[in-house]
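Presented below is the structure to which this report refers.
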Amino acid sequence: MRLLSDDVRMRVMNALHWDLAVPRDRLNVDVENGWVTVSGTVDLPYQRTCAESDARNVSGVVGVTNLIRVAETQWVRRQPEATAPLSRH
């Protein structure tokens with residue numbers, strides 16, 4: 001069964017490799033009896049969805065557990081300067 005799992009894992013990794021929306025270097029793939037577990041971190045929610053979809057569409061996959069986390073954005077909305085206390089001269 002291990003050989004079959006390795007084959008499915010390689011096919012899932014190949015599918016992720018060809019999907020340019022997915023940061024494949026930040027994802028891990030494990031397979032047990034055709035059940036795929038994808039984990040890691042992505043920047044955007046759609047990347048998480050794309051990776052799961054890619055894995056589901058691979059022949060030999062019976063199910064997918066998506067443990068991919070979306071990183072907290074580094075985009076912080078600047079607070080308006082008006083909230084700072086005013087100083088008088």
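Order determines the names: the first chain of the structure tokens is A, the second B, and so forth; residues in each chain are numbered 1 upward, and ligands are numbered 1 upward as they are shown.
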
- request: Determine, counting only C-alpha atoms, which protein, DNA and RNA residues have an atom within 9 Å of an atom of Val58 of chain A; residues of the same chain fewer than 4 positions away are not included. Present the result as a PyMOL selection string.
  value: chain A and resi 8+11-12+15+54

Take the residues from that selection and put them in a file with N, CA and C atoms, as an mmCIF file, in the first residue's frame.
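Result saved to again_27.cif:
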data_model
loop_
_atom_site.group_PDB
_atom_site.id
_atom_site.type_symbol
_atom_site.label_atom_id
_atom_site.label_comp_id
_atom_site.auth_asym_id
_atom_site.auth_seq_id
_atom_site.Cartn_x
_atom_site.Cartn_y
_atom_site.Cartn_z
ATOM 1 N N VAL A 8 0.386 8.325 -5.383
ATOM 2 C CA VAL A 8 -0.660 9.350 -5.251
ATOM 3 C C VAL A 8 -0.041 10.651 -4.761
ATOM 4 N N ARG A 11 1.650 12.420 -7.570
ATOM 5 C CA ARG A 11 0.683 13.018 -8.498
ATOM 6 C C ARG A 11 0.057 14.279 -7.918
ATOM 7 N N VAL A 12 -0.202 14.282 -6.609
ATOM 8 C CA VAL A 12 -0.740 15.487 -5.965
ATOM 9 C C VAL A 12 0.312 16.596 -5.992
ATOM 10 N N ALA A 15 0.402 18.072 -9.384
ATOM 11 C CA ALA A 15 -0.746 18.955 -9.634
ATOM 12 C C ALA A 15 -0.532 20.310 -8.963
ATOM 13 N N ASP A 54 -6.986 20.998 -6.354
ATOM 14 C CA ASP A 54 -5.960 20.277 -7.119
ATOM 15 C C ASP A 54 -5.810 18.852 -6.598
#

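Within 7 Å of Pro45 of chain A, once only C-alpha atoms are used and residues closer than 3 positions along the same chain are dropped, the contacting residues are Arg48, Thr49 and Val70 of chain A.
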
- request: Extract, using only C-alpha atoms, all DNA, RNA and protein residues at most 12 Å from segment 23-34 of chain A, discarding same-chain residues fewer than 4 positions from it, and format them as a ChimeraX atom specification.
  value: /A:1-19,38-44,46-48,50-52,54-56,58-71
